[in-house]
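Participant: Quick one: structure below, then a few questions.
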There are 2 protein chains.
Amino acid sequence: MRILGIDPGLAIVGYSILDVEGNRMKAANYGVIETASTMDFPDRLKFLYEELNLIIKKYKPDEVAIEELFFNKNVKTAIKVGHARGVEILSASMNGLEIYEYTPLQIKNAITGYGRAEKNQIQEMVKILLNLSEIPKPDDAADALAVAITHFHSLKHKEEFRLR
Amino acid sequence: MRILGIDPGLAIVGYSILDVEGNRMKAANYGVIETASTMDFPDRLKFLYEELNLIIKKYKPDEVAIEELFFNKNVKTAIKVGHARGVEILSASMNGLEIYEYTPLQIKNAITGYGRAEKNQIQEMVKILLNLSEIPKPDDAADALAVAITHFHSLKHKEEFRLR
C-alpha cells in the first residue's frame with residue numbers, strides 16, 4: 001500500500017510517498033511544493049491544488065495522512081493556512097482518497113514514543129526508520145514523512161483517525 | 001457586468017448573482033449551498049467546491065466578491081470555516097475569476113452608511129436597494145447580496161479590495 005503524507009501549509013507544503021507492506025516501509029519519494037508570497041493568494045491556492053493533483057496522479061497513493069494544524073496565537077495566520085489546508089484536503093477528496101489526520105503530539109509519540117520530542121529528534125528517527133543516508137530536507141518534507149509513518153503505525157486502528 | 005457574491009461558510013454558503021450596469025443593479029438570483037454536519041469533512045469541501053463550480057458555469061459571473069472571515073473566539077471553528085473558504089476561493093480561481101474581499105464592517109458601511117448596523121437593518125436595505133418584494137432569506141443569501149452590492153459600490157476603486 002502507498003501512503004501520501006502531507007505537512008500542510010501555504011508557503012510550503014511537504015509531501016511524502018511511503019510504500020508499506022507488512023511491517024516494512026520504504027520512502028518512494030518526498031519533497032515540497034512552494035508558493036511565493038509575491039503571488040496573489042487565490043493563485044497560490046490554485047497552484048497548490050494543481051501541484052498536489054499532479055503528485056496524486058503520478059504516484060497514485062491509496063490513502064492520505066495529513067497533519068492537523070497547530071493553533072498558535074496568530075489567528076489570522078492560522079486561518080490563512082486553514083484556507084490552504086482546505087484546498088489540500090480537497091485535492092485528496094476529488095481524487096477519491098480517504099484522508100486521515102494526526103496531531104503533532106500523535107506524530108511525535110508515534111515516531112519517538114515521546115510527545116515532547118524536539119524537531120531534530122523526529123528527523124533523526126525518520127532517517128533511521130527509513131534507512132535514509134541523510135536527514136530528509138527541508139523540514140516540511142521530513143514532517144510529511146513523519147505523518148505518513150504515523151499512519152503506517154496506526155493502520156490497524158486507522159478508522160479512529162479518519163477525517164470526518 | 002455580473003457579480004457573484006459569496007457569504008463563505010462550511011454548513012451554509014450564501015451566494016448571489018448581481019447584474020450591474022451604470023448605476024443600476026438587479027439581483028438575477030440568490031440562494032445557499034448547504035452541507036450536513038453528518039457528511040464527512042472532505043466530502044463537505046468537495047460538495048461545496050462542485051456546487052460553486054456549477055453556479056459559476058451556469059451564471060458566468062465576471063467578478064467575485066467574498067466576505068472576509070470574522071475572527072471570533074472559537075479558533076477551531078474559524079479554522080474549519082477557513083478550510084471551506086479556501087475551497088470557495090479556489091473554485092473562483094480555477095474558473096479564472098478575479099476575487100475581491102470585504103470585511104463585515106466595510107459591508108455594513110457600504111449598505112447602510114453605518115458600521116454598527118444590525119443584521120436586520122442590512123437585510124431591510126438589501127431589500128430596498130434591489131427592489132425586492134420581501135427580505136431575502138435565509139440570512140446567508142441576504143449577506144451574499146450585501147457583499148455583491150458592496151463590490152458594485154466599490155467598482156471605481158476595486159483594486160484596493162482585490163484578494164492578493
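Letters A, B, ... go to the chains of the C-alpha cells in the order shown; residues in each chain start at 1; ligands are counted from 1 in the same order.
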Compute the set of chain B residues within 7 Å of chain A, using only C-alpha atoms, and express it as a VMD selection string.

Facilitator: chain B and resid 40 to 43 45 to 46 75 78 to 80 82 to 87 89 to 90 93 to 94 163 to 164

Participant: Using atom CA of Tyr15 of chain B and atom CA of Ala144 of chain B as the two end points, give the distance in Å to one decimal.

Facilitator: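 So the answer is 5.0 Å.
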
Participant: In terms of the shortest atom-to-atom distance over only C-alpha atoms, which of A:Ala110, A:Asn53, A:Val64, A:Ala27 is closest to Lys127 of chain A?

Facilitator: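 Selected residue with least distance to Lys127 of chain A: A:Ala27.
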
Participant: Between atom CA of Gln106 of chain B and atom CA of Glu51 of chain B, what distance in Å does the model show, to one decimal?

Facilitator: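 Here the two named atoms are 27.3 Å from each other.
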
Participant: When you look at Val32 of chain B with a cut-off of 12 Å (counting only C-alpha atoms), what residues show up, excluding the ones that are within fewer than 2 positions of it in the same chain? I need them as a PDB file with N, CA and C atoms, in the first residue's frame.

Facilitator:
```pdb
ATOM      1  N   GLY B   5     -21.652  37.161  -5.544  1.00  0.00           N
ATOM      2  CA  GLY B   5     -21.378  37.461  -4.139  1.00  0.00           C
ATOM      3  C   GLY B   5     -21.366  36.174  -3.337  1.00  0.00           C
ATOM      4  N   ILE B   6     -20.404  36.044  -2.430  1.00  0.00           N
ATOM      5  CA  ILE B   6     -20.315  34.828  -1.608  1.00  0.00           C
ATOM      6  C   ILE B   6     -20.217  35.188  -0.134  1.00  0.00           C
ATOM      7  N   ASP B   7     -21.119  34.614   0.648  1.00  0.00           N
ATOM      8  CA  ASP B   7     -21.000  34.668   2.109  1.00  0.00           C
ATOM      9  C   ASP B   7     -20.418  33.315   2.505  1.00  0.00           C
ATOM     10  N   PRO B   8     -19.128  33.264   2.820  1.00  0.00           N
ATOM     11  CA  PRO B   8     -18.459  31.965   2.965  1.00  0.00           C
ATOM     12  C   PRO B   8     -18.918  31.194   4.200  1.00  0.00           C
ATOM     13  N   GLY B   9     -18.794  29.893   4.138  1.00  0.00           N
ATOM     14  CA  GLY B   9     -19.182  29.054   5.262  1.00  0.00           C
ATOM     15  C   GLY B   9     -18.916  27.602   4.965  1.00  0.00           C
ATOM     16  N   LEU B  10     -19.117  26.768   5.966  1.00  0.00           N
ATOM     17  CA  LEU B  10     -18.967  25.320   5.795  1.00  0.00           C
ATOM     18  C   LEU B  10     -20.351  24.667   5.756  1.00  0.00           C
ATOM     19  N   ALA B  11     -21.179  24.922   6.760  1.00  0.00           N
ATOM     20  CA  ALA B  11     -22.517  24.338   6.819  1.00  0.00           C
ATOM     21  C   ALA B  11     -23.450  25.006   5.820  1.00  0.00           C
ATOM     22  N   ILE B  12     -23.236  26.312   5.628  1.00  0.00           N
ATOM     23  CA  ILE B  12     -24.101  27.053   4.700  1.00  0.00           C
ATOM     24  C   ILE B  12     -23.306  28.187   4.045  1.00  0.00           C
ATOM     25  N   VAL B  13     -23.366  28.214   2.733  1.00  0.00           N
ATOM     26  CA  VAL B  13     -22.690  29.249   1.943  1.00  0.00           C
ATOM     27  C   VAL B  13     -23.769  30.041   1.213  1.00  0.00           C
ATOM     28  N   GLY B  14     -23.794  31.347   1.402  1.00  0.00           N
ATOM     29  CA  GLY B  14     -24.737  32.165   0.642  1.00  0.00           C
ATOM     30  C   GLY B  14     -24.110  32.583  -0.673  1.00  0.00           C
ATOM     31  N   TYR B  15     -24.920  32.615  -1.720  1.00  0.00           N
ATOM     32  CA  TYR B  15     -24.403  33.129  -2.992  1.00  0.00           C
ATOM     33  C   TYR B  15     -25.453  34.068  -3.599  1.00  0.00           C
ATOM     34  N   SER B  16     -24.971  34.988  -4.417  1.00  0.00           N
ATOM     35  CA  SER B  16     -25.880  35.906  -5.097  1.00  0.00           C
ATOM     36  C   SER B  16     -25.313  36.234  -6.468  1.00  0.00           C
ATOM     37  N   ILE B  17     -26.225  36.458  -7.398  1.00  0.00           N
ATOM     38  CA  ILE B  17     -25.839  36.860  -8.755  1.00  0.00           C
ATOM     39  C   ILE B  17     -26.426  38.249  -8.966  1.00  0.00           C
ATOM     40  N   ASN B  29     -30.277  36.238  -9.227  1.00  0.00           N
ATOM     41  CA  ASN B  29     -30.611  35.065  -8.403  1.00  0.00           C
ATOM     42  C   ASN B  29     -29.845  35.134  -7.083  1.00  0.00           C
ATOM     43  N   TYR B  30     -30.284  34.359  -6.139  1.00  0.00           N
ATOM     44  CA  TYR B  30     -29.547  34.217  -4.883  1.00  0.00           C
ATOM     45  C   TYR B  30     -30.035  32.958  -4.188  1.00  0.00           C
ATOM     46  N   GLU B  34     -25.840  24.152   1.082  1.00  0.00           N
ATOM     47  CA  GLU B  34     -25.741  23.624   2.443  1.00  0.00           C
ATOM     48  C   GLU B  34     -25.049  22.271   2.463  1.00  0.00           C
ATOM     49  N   THR B  35     -24.276  22.030   3.517  1.00  0.00           N
ATOM     50  CA  THR B  35     -23.700  20.694   3.720  1.00  0.00           C
ATOM     51  C   THR B  35     -24.067  20.233   5.128  1.00  0.00           C
ATOM     52  N   LEU B  48     -19.125  21.529  -1.647  1.00  0.00           N
ATOM     53  CA  LEU B  48     -19.115  22.993  -1.798  1.00  0.00           C
ATOM     54  C   LEU B  48     -18.395  23.401  -3.074  1.00  0.00           C
ATOM     55  N   GLU B  51     -20.541  22.385  -6.187  1.00  0.00           N
ATOM     56  CA  GLU B  51     -21.755  23.199  -6.328  1.00  0.00           C
ATOM     57  C   GLU B  51     -21.409  24.617  -6.780  1.00  0.00           C
ATOM     58  N   LEU B  52     -20.353  25.151  -6.203  1.00  0.00           N
ATOM     59  CA  LEU B  52     -19.940  26.505  -6.577  1.00  0.00           C
ATOM     60  C   LEU B  52     -19.456  26.523  -8.034  1.00  0.00           C
ATOM     61  N   ILE B  55     -22.537  26.680 -10.150  1.00  0.00           N
ATOM     62  CA  ILE B  55     -23.133  28.027 -10.143  1.00  0.00           C
ATOM     63  C   ILE B  55     -22.349  28.952 -11.072  1.00  0.00           C
ATOM     64  N   PRO B 136     -34.674  38.991   1.492  1.00  0.00           N
ATOM     65  CA  PRO B 136     -34.148  37.706   1.005  1.00  0.00           C
ATOM     66  C   PRO B 136     -33.812  36.762   2.154  1.00  0.00           C
ATOM     67  N   LYS B 137     -34.184  35.522   1.987  1.00  0.00           N
ATOM     68  CA  LYS B 137     -33.953  34.510   3.022  1.00  0.00           C
ATOM     69  C   LYS B 137     -33.158  33.363   2.434  1.00  0.00           C
ATOM     70  N   PRO B 138     -32.381  32.582   3.157  1.00  0.00           N
ATOM     71  CA  PRO B 138     -32.026  32.857   4.544  1.00  0.00           C
ATOM     72  C   PRO B 138     -30.992  33.988   4.671  1.00  0.00           C
ATOM     73  N   ASP B 139     -30.579  34.273   5.881  1.00  0.00           N
ATOM     74  CA  ASP B 139     -29.620  35.352   6.153  1.00  0.00           C
ATOM     75  C   ASP B 139     -28.391  35.288   5.254  1.00  0.00           C
ATOM     76  N   ASP B 140     -27.900  34.060   5.017  1.00  0.00           N
ATOM     77  CA  ASP B 140     -26.663  33.882   4.258  1.00  0.00           C
ATOM     78  C   ASP B 140     -26.822  34.347   2.815  1.00  0.00           C
ATOM     79  N   ALA B 141     -28.029  34.173   2.247  1.00  0.00           N
ATOM     80  CA  ALA B 141     -28.280  34.657   0.893  1.00  0.00           C
ATOM     81  C   ALA B 141     -28.329  36.182   0.899  1.00  0.00           C
ATOM     82  N   ALA B 142     -28.955  36.758   1.925  1.00  0.00           N
ATOM     83  CA  ALA B 142     -29.014  38.222   2.061  1.00  0.00           C
ATOM     84  C   ALA B 142     -27.598  38.783   2.209  1.00  0.00           C
ATOM     85  N   ASP B 143     -26.767  38.096   2.995  1.00  0.00           N
ATOM     86  CA  ASP B 143     -25.377  38.539   3.174  1.00  0.00           C
ATOM     87  C   ASP B 143     -24.598  38.459   1.865  1.00  0.00           C
ATOM     88  N   ALA B 144     -24.891  37.443   1.070  1.00  0.00           N
ATOM     89  CA  ALA B 144     -24.217  37.301  -0.225  1.00  0.00           C
ATOM     90  C   ALA B 144     -24.634  38.427  -1.175  1.00  0.00           C
ATOM     91  N   LEU B 145     -25.898  38.847  -1.092  1.00  0.00           N
ATOM     92  CA  LEU B 145     -26.339  40.004  -1.878  1.00  0.00           C
ATOM     93  C   LEU B 145     -25.633  41.264  -1.379  1.00  0.00           C
TER      94      LEU B 145
END
```

Participant: Check the DSSP output for the backbone and give back, as an NGL selection string, the residues of segment 20-124 of chain A in strand (DSSP E or B).

Facilitator: :A and (20-21 or 24-34 or 63-67 or 98-102)

Participant: Since we have the selection now, will you write its residues out, keeping N, CA, C and O atoms, as a PDB file, in the first residue's frame?

Facilitator:
```
ATOM      1  N   VAL A  20       4.321   0.775   1.951  1.00  0.00           N
ATOM      2  CA  VAL A  20       4.347  -0.102   3.118  1.00  0.00           C
ATOM      3  C   VAL A  20       3.834  -1.483   2.735  1.00  0.00           C
ATOM      4  O   VAL A  20       2.960  -1.633   1.877  1.00  0.00           O
ATOM      5  N   GLU A  21       4.411  -2.482   3.372  1.00  0.00           N
ATOM      6  CA  GLU A  21       3.982  -3.859   3.129  1.00  0.00           C
ATOM      7  C   GLU A  21       4.339  -4.643   4.372  1.00  0.00           C
ATOM      8  O   GLU A  21       5.515  -4.652   4.785  1.00  0.00           O
ATOM      9  N   ARG A  24       7.114  -3.584   6.854  1.00  0.00           N
ATOM     10  CA  ARG A  24       8.209  -2.855   6.208  1.00  0.00           C
ATOM     11  C   ARG A  24       7.697  -1.600   5.512  1.00  0.00           C
ATOM     12  O   ARG A  24       6.559  -1.563   5.031  1.00  0.00           O
ATOM     13  N   MET A  25       8.552  -0.615   5.445  1.00  0.00           N
ATOM     14  CA  MET A  25       8.176   0.613   4.731  1.00  0.00           C
ATOM     15  C   MET A  25       9.393   1.173   4.008  1.00  0.00           C
ATOM     16  O   MET A  25      10.528   0.932   4.389  1.00  0.00           O
ATOM     17  N   LYS A  26       9.088   1.936   2.954  1.00  0.00           N
ATOM     18  CA  LYS A  26      10.142   2.487   2.122  1.00  0.00           C
ATOM     19  C   LYS A  26       9.658   3.821   1.548  1.00  0.00           C
ATOM     20  O   LYS A  26       8.528   3.912   1.056  1.00  0.00           O
ATOM     21  N   ALA A  27      10.505   4.835   1.650  1.00  0.00           N
ATOM     22  CA  ALA A  27      10.144   6.129   1.066  1.00  0.00           C
ATOM     23  C   ALA A  27      10.362   6.077  -0.437  1.00  0.00           C
ATOM     24  O   ALA A  27      11.488   5.894  -0.902  1.00  0.00           O
ATOM     25  N   ALA A  28       9.277   6.206  -1.213  1.00  0.00           N
ATOM     26  CA  ALA A  28       9.410   6.203  -2.673  1.00  0.00           C
ATOM     27  C   ALA A  28       9.817   7.588  -3.168  1.00  0.00           C
ATOM     28  O   ALA A  28      10.506   7.718  -4.177  1.00  0.00           O
ATOM     29  N   ASN A  29       9.394   8.601  -2.437  1.00  0.00           N
ATOM     30  CA  ASN A  29       9.792   9.969  -2.781  1.00  0.00           C
ATOM     31  C   ASN A  29       9.333  10.923  -1.678  1.00  0.00           C
ATOM     32  O   ASN A  29       8.491  10.561  -0.849  1.00  0.00           O
ATOM     33  N   TYR A  30       9.888  12.105  -1.676  1.00  0.00           N
ATOM     34  CA  TYR A  30       9.418  13.167  -0.780  1.00  0.00           C
ATOM     35  C   TYR A  30       9.940  14.493  -1.294  1.00  0.00           C
ATOM     36  O   TYR A  30      10.896  14.529  -2.085  1.00  0.00           O
ATOM     37  N   GLY A  31       9.269  15.551  -0.890  1.00  0.00           N
ATOM     38  CA  GLY A  31       9.669  16.876  -1.358  1.00  0.00           C
ATOM     39  C   GLY A  31       8.706  17.931  -0.853  1.00  0.00           C
ATOM     40  O   GLY A  31       7.960  17.692   0.088  1.00  0.00           O
ATOM     41  N   VAL A  32       8.752  19.087  -1.473  1.00  0.00           N
ATOM     42  CA  VAL A  32       7.872  20.179  -1.070  1.00  0.00           C
ATOM     43  C   VAL A  32       7.287  20.886  -2.293  1.00  0.00           C
ATOM     44  O   VAL A  32       7.845  20.833  -3.382  1.00  0.00           O
ATOM     45  N   ILE A  33       6.135  21.502  -2.086  1.00  0.00           N
ATOM     46  CA  ILE A  33       5.548  22.423  -3.058  1.00  0.00           C
ATOM     47  C   ILE A  33       5.637  23.798  -2.412  1.00  0.00           C
ATOM     48  O   ILE A  33       5.243  23.958  -1.258  1.00  0.00           O
ATOM     49  N   GLU A  34       6.154  24.761  -3.149  1.00  0.00           N
ATOM     50  CA  GLU A  34       6.291  26.097  -2.574  1.00  0.00           C
ATOM     51  C   GLU A  34       5.500  27.128  -3.377  1.00  0.00           C
ATOM     52  O   GLU A  34       5.408  27.025  -4.595  1.00  0.00           O
ATOM     53  N   GLU A  63      -3.970   5.994   0.255  1.00  0.00           N
ATOM     54  CA  GLU A  63      -4.542   6.734   1.376  1.00  0.00           C
ATOM     55  C   GLU A  63      -3.690   7.974   1.642  1.00  0.00           C
ATOM     56  O   GLU A  63      -2.526   8.028   1.262  1.00  0.00           O
ATOM     57  N   VAL A  64      -4.302   8.930   2.323  1.00  0.00           N
ATOM     58  CA  VAL A  64      -3.598  10.182   2.624  1.00  0.00           C
ATOM     59  C   VAL A  64      -3.559  10.403   4.140  1.00  0.00           C
ATOM     60  O   VAL A  64      -4.557  10.203   4.826  1.00  0.00           O
ATOM     61  N   ALA A  65      -2.399  10.798   4.630  1.00  0.00           N
ATOM     62  CA  ALA A  65      -2.253  11.180   6.036  1.00  0.00           C
ATOM     63  C   ALA A  65      -1.813  12.636   6.077  1.00  0.00           C
ATOM     64  O   ALA A  65      -0.839  13.009   5.424  1.00  0.00           O
ATOM     65  N   ILE A  66      -2.532  13.452   6.818  1.00  0.00           N
ATOM     66  CA  ILE A  66      -2.223  14.888   6.874  1.00  0.00           C
ATOM     67  C   ILE A  66      -2.146  15.340   8.330  1.00  0.00           C
ATOM     68  O   ILE A  66      -2.906  14.855   9.179  1.00  0.00           O
ATOM     69  N   GLU A  67      -1.219  16.237   8.587  1.00  0.00           N
ATOM     70  CA  GLU A  67      -1.065  16.737   9.945  1.00  0.00           C
ATOM     71  C   GLU A  67      -2.167  17.738  10.266  1.00  0.00           C
ATOM     72  O   GLU A  67      -2.621  18.484   9.399  1.00  0.00           O
ATOM     73  N   GLU A  98      -9.241   8.412   0.813  1.00  0.00           N
ATOM     74  CA  GLU A  98      -9.598   8.590   2.218  1.00  0.00           C
ATOM     75  C   GLU A  98      -8.477   9.367   2.891  1.00  0.00           C
ATOM     76  O   GLU A  98      -7.297   9.172   2.585  1.00  0.00           O
ATOM     77  N   ILE A  99      -8.857  10.220   3.824  1.00  0.00           N
ATOM     78  CA  ILE A  99      -7.883  11.096   4.480  1.00  0.00           C
ATOM     79  C   ILE A  99      -7.884  10.840   5.982  1.00  0.00           C
ATOM     80  O   ILE A  99      -8.945  10.740   6.605  1.00  0.00           O
ATOM     81  N   TYR A 100      -6.697  10.753   6.528  1.00  0.00           N
ATOM     82  CA  TYR A 100      -6.531  10.519   7.961  1.00  0.00           C
ATOM     83  C   TYR A 100      -5.713  11.659   8.524  1.00  0.00           C
ATOM     84  O   TYR A 100      -4.770  12.129   7.880  1.00  0.00           O
ATOM     85  N   GLU A 101      -6.067  12.116   9.731  1.00  0.00           N
ATOM     86  CA  GLU A 101      -5.293  13.240  10.262  1.00  0.00           C
ATOM     87  C   GLU A 101      -4.733  12.926  11.640  1.00  0.00           C
ATOM     88  O   GLU A 101      -5.327  12.199  12.429  1.00  0.00           O
ATOM     89  N   TYR A 102      -3.571  13.505  11.888  1.00  0.00           N
ATOM     90  CA  TYR A 102      -2.839  13.257  13.124  1.00  0.00           C
ATOM     91  C   TYR A 102      -2.352  14.582  13.697  1.00  0.00           C
ATOM     92  O   TYR A 102      -1.898  15.461  12.957  1.00  0.00           O
TER      93      TYR A 102
END
```

Participant: With a distance cut-off of 10 Å and only C-alpha atoms, select the neighbouring residues of Glu134 of chain B, excluding the residue or stretch itself and same-chain residues fewer than 5 positions from it, and output the selection as a VMD selection string.

Facilitator: chain B and resid 123 to 124 126 to 128

Participant: List every residue of segment 45-150 of chain B that DSSP, applied to the backbone of this structure, places in helix (DSSP H, G or I), and write the result as a ChimeraX atom specification.

Facilitator: /B:45-59,75-94,104-112,119-129,139-150

Participant: Quick one: residues within 7 Å of Ile111 of chain A, only C-alpha atoms, excluding same-chain residues fewer than 4 positions away - as a list in words?

Facilitator: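 In the requested form, the answer reads Ile107, Ile122, Met125, Ala146 and Thr150 of chain A.
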
Participant: Save the residues we just selected, C-alpha atoms, as a PDB file, in the first residue's frame?

Facilitator:
```
ATOM      1  CA  ILE A 107       3.130  12.160  15.355  1.00  0.00           C
ATOM      2  CA  ILE A 122      11.901  13.442  14.923  1.00  0.00           C
ATOM      3  CA  MET A 125      14.220   8.991  13.794  1.00  0.00           C
ATOM      4  CA  ALA A 146       6.725  11.538   9.752  1.00  0.00           C
ATOM      5  CA  THR A 150       2.491   7.649  11.856  1.00  0.00           C
TER       6      THR A 150
END
```
